[in-house]
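Chemist: One structure, pasted below without further comment.
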Amino acid sequence: MAEVNPHGETLEANPRMPLEELERFMTDVLIGAGVPKADAEACGKVLIAADRRGMDTHGIQRLKLIYYDRIMSKQLSPITNFEVVRESPTTAVVDGHNGMGMVIATRCMQMAIDKAKKFGMGMVVARNSTHYGIAGYYSLMAAEQGCIGMNGTNARPSVCPTFAVEPMLGTNPLVFAFPTDEGFAWCLDCATSVVQRGKIEMYAREKKPVPEGWVINERGDFVTDTTQILRDLTTGKASCLPIGGAGEDLGGYKGYGFATAVEILSSCLQAGNFMLALTGTKDGKKVPIELGHFFLAVNIEAFRDANEFKQQVGEVCRTLRSAKKAPGIERIWTAGEKEHYTELFRKAHGVAIPAGLRPEMEQLRKELNLSQWHFPWDK
């Protein structure tokens, strides 16, 4: 079978790092920032999963900005105090005390899976957590252990309600994963907004404008200047649009509704902060961004034979891919398929490190005295 390259990556465009090396570098940075080794390794697994699956906005590109810088500014604690504050056979409420979100989320989802294996279903919610990387990682944990996985999180306000021009909601992903008989899970991992902040950050590094229709200003006009957008998102002068875009004509109220549901599930069950309490600033100073998450696992064997379920889910996917294609289209994809083939491609060829990211990696190496690291672009 010919190699599949879902994103059309050009191998010569940027220097590339093998997945294993990139994961070790990210782990070393987190250890250098004060994260205990086992926790740093857990975080590294989540971060490299993003780069491995082609979700470049949530891997190495966010290591400095979201994790290292926040640890340095004391918005994020490198030491994770994982406290179960309430528990039943099928549920739990966890307080993460502003520790590493990826550590908190991994433990929460495993708790939900363990409960589901014993009682059929498990749900765990967390408060006072922090950015947990790609949401799909946790739903895939469930799929890999014979469960249906669902999870979501709230986030810093960046998305406006339909007909509003003020950011109130986060990009609030709502993520599902189902095991299949195809060797990879069906996994829908996406925000409830047209775009999430990480992609705008990536465009800014590349000095590219975003497409019209992603972001509006306080007058309701579409804006595309990434540097200005990132400034204005923090001051409430710009807003990302919910899935469906502005207004109701193309279904913007649907994305708005899903984002609200995620906000409720990420805050109200666990008595956590929500919306404008998650800006990360107070009286002009940086403060912890106390996020909430929810994790749900459903044991397939509680309903039917797991292998039969996987076969039927696979058949659903194959039937969808067999649909009549639009003119000029070579392939119809199902959720998780592009990520699977991207993972195979990057296992063979590594991850591209764009020019705008290299100075950040060099700065981390210098500040943490990681002199053992030599990058492909070093002279």
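A note on labels: chains of the structure tokens are A, B, ... as shown, every chain counts residues from 1, and ligands are counted from 1 in their shown order.
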List the spatial neighbours of stretch 331-338 of chain A as a VMD selection string - criterion: any atom at most 9 Å away, only C-alpha atoms, same-chain residues fewer than 2 positions off excluded.
Modeler: chain A and resid 4 to 7 53 to 54 177 184 to 189 317 to 318 320 to 325 329 340 to 343
Chemist: Excluding A:Thr57 and its own-chain neighbours fewer than 5 positions away, which residues fall within 7 Å of it when counting only C-alpha atoms? Please give them as a list in words.
Modeler: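 Near neighbours after the sequence-gap exclusion: Arg62, Gly198, Lys199 and Met202 of chain A.
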Chemist: Write a file of the just-selected residues containing N, CA and C atoms, as a PDB file, in the first residue's frame.
Modeler:
```
ATOM      1  N   ARG A  62       3.026  24.171  22.001  1.00  0.00           N
ATOM      2  CA  ARG A  62       2.458  24.793  23.206  1.00  0.00           C
ATOM      3  C   ARG A  62       3.298  24.541  24.455  1.00  0.00           C
ATOM      4  N   GLY A 198      -5.168  27.823  19.860  1.00  0.00           N
ATOM      5  CA  GLY A 198      -3.881  27.250  19.473  1.00  0.00           C
ATOM      6  C   GLY A 198      -3.601  27.371  17.988  1.00  0.00           C
ATOM      7  N   LYS A 199      -4.636  27.261  17.162  1.00  0.00           N
ATOM      8  CA  LYS A 199      -4.425  27.381  15.713  1.00  0.00           C
ATOM      9  C   LYS A 199      -4.113  28.828  15.345  1.00  0.00           C
ATOM     10  N   MET A 202      -0.565  29.329  16.074  1.00  0.00           N
ATOM     11  CA  MET A 202       0.272  28.708  15.050  1.00  0.00           C
ATOM     12  C   MET A 202       0.351  29.604  13.812  1.00  0.00           C
TER      13      MET A 202
END
```
Chemist: DSSP says alpha helix (DSSP H) for which residues of stretch 84-223 of chain A? Put them as a PDB file with C-alpha atoms, in the first residue's frame?
Modeler:
```pdb
ATOM      1  CA  GLY A 101      -3.788  19.154  33.853  1.00  0.00           C
ATOM      2  CA  MET A 102      -2.475  16.190  31.867  1.00  0.00           C
ATOM      3  CA  VAL A 103      -1.660  14.292  35.062  1.00  0.00           C
ATOM      4  CA  ILE A 104      -5.054  15.111  36.559  1.00  0.00           C
ATOM      5  CA  ALA A 105      -6.935  14.168  33.394  1.00  0.00           C
ATOM      6  CA  THR A 106      -5.095  10.882  32.876  1.00  0.00           C
ATOM      7  CA  ARG A 107      -5.871   9.781  36.421  1.00  0.00           C
ATOM      8  CA  CYS A 108      -9.500  10.925  36.170  1.00  0.00           C
ATOM      9  CA  MET A 109     -10.163   9.013  32.954  1.00  0.00           C
ATOM     10  CA  GLN A 110      -8.499   5.882  34.312  1.00  0.00           C
ATOM     11  CA  MET A 111     -10.749   6.140  37.376  1.00  0.00           C
ATOM     12  CA  ALA A 112     -13.792   6.386  35.087  1.00  0.00           C
ATOM     13  CA  ILE A 113     -12.617   3.359  33.072  1.00  0.00           C
ATOM     14  CA  ASP A 114     -11.996   1.301  36.201  1.00  0.00           C
ATOM     15  CA  LYS A 115     -15.474   2.115  37.481  1.00  0.00           C
ATOM     16  CA  ALA A 116     -17.001   1.255  34.100  1.00  0.00           C
ATOM     17  CA  LYS A 117     -15.229  -2.105  34.010  1.00  0.00           C
ATOM     18  CA  LYS A 118     -16.755  -2.940  37.382  1.00  0.00           C
ATOM     19  CA  PHE A 119     -20.193  -1.337  37.178  1.00  0.00           C
ATOM     20  CA  GLY A 136      -8.839  13.051  22.367  1.00  0.00           C
ATOM     21  CA  TYR A 137      -6.045  11.423  24.359  1.00  0.00           C
ATOM     22  CA  TYR A 138      -8.420  10.646  27.215  1.00  0.00           C
ATOM     23  CA  SER A 139     -11.340   9.333  25.172  1.00  0.00           C
ATOM     24  CA  LEU A 140      -8.848   7.130  23.308  1.00  0.00           C
ATOM     25  CA  MET A 141      -7.677   5.754  26.660  1.00  0.00           C
ATOM     26  CA  ALA A 142     -11.194   4.401  27.113  1.00  0.00           C
ATOM     27  CA  ALA A 143     -11.448   3.026  23.565  1.00  0.00           C
ATOM     28  CA  GLU A 144      -8.136   1.212  23.978  1.00  0.00           C
ATOM     29  CA  ARG A 197      -6.773  29.648  20.108  1.00  0.00           C
ATOM     30  CA  GLY A 198      -3.881  27.250  19.473  1.00  0.00           C
ATOM     31  CA  LYS A 199      -4.425  27.381  15.713  1.00  0.00           C
ATOM     32  CA  ILE A 200      -4.410  31.183  15.783  1.00  0.00           C
ATOM     33  CA  GLU A 201      -1.123  31.028  17.728  1.00  0.00           C
ATOM     34  CA  MET A 202       0.272  28.708  15.050  1.00  0.00           C
ATOM     35  CA  TYR A 203      -0.783  31.111  12.268  1.00  0.00           C
ATOM     36  CA  ALA A 204       0.825  33.969  14.196  1.00  0.00           C
ATOM     37  CA  ARG A 205       4.159  32.108  14.395  1.00  0.00           C
TER      38      ARG A 205
END
```
Chemist: Nearest to A:Ala355 among A:Met121, A:Lys207, A:Ser73, A:Pro167, with distances taken over only C-alpha atoms: which residue is it?
Modeler: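 Looking only at the distances to A:Ala355, the closest residue turns out to be A:Lys207.
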Chemist: Hey, what does DSSP flag as strand (DSSP E or B) within stretch 197-252 of chain A? Can you give it to me as an NGL selection string?
Modeler: :A and (215-217 or 222-223 or 238-240 or 242)
Chemist: How close does stretch 271-307 of chain A get to stretch 231-248 of chain A? List, as JSON lines, each residue of stretch 271-307 of chain A within 12 Å, its nearest atom pair and the distance in Å to one decimal, counting only C-alpha atoms.
Modeler:
```
{"residue": "A:Leu276", "atom": "CA", "partner": "A:Gly236", "partner_atom": "CA", "distance": 10.2}
{"residue": "A:Leu278", "atom": "CA", "partner": "A:Thr234", "partner_atom": "CA", "distance": 11.2}
{"residue": "A:Thr279", "atom": "CA", "partner": "A:Thr234", "partner_atom": "CA", "distance": 7.7}
{"residue": "A:Gly280", "atom": "CA", "partner": "A:Thr234", "partner_atom": "CA", "distance": 9.4}
{"residue": "A:Thr281", "atom": "CA", "partner": "A:Thr234", "partner_atom": "CA", "distance": 9.4}
{"residue": "A:Gly284", "atom": "CA", "partner": "A:Thr235", "partner_atom": "CA", "distance": 11.1}
{"residue": "A:Lys286", "atom": "CA", "partner": "A:Thr234", "partner_atom": "CA", "distance": 11.8}
```
Chemist: Hey, which of A:Ala259, A:Val29, A:Val175, A:Ile79 ends up closest to A:Gly149? Count only C-alpha atoms.
Modeler: A:Val175
Chemist: Find, counting only C-alpha atoms, the residue in A:Glu308, A:Glu166, A:Glu20, A:Glu41 that gets nearest to A:Ile216.
Modeler: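 Smallest distance to A:Ile216 is found for A:Glu166.
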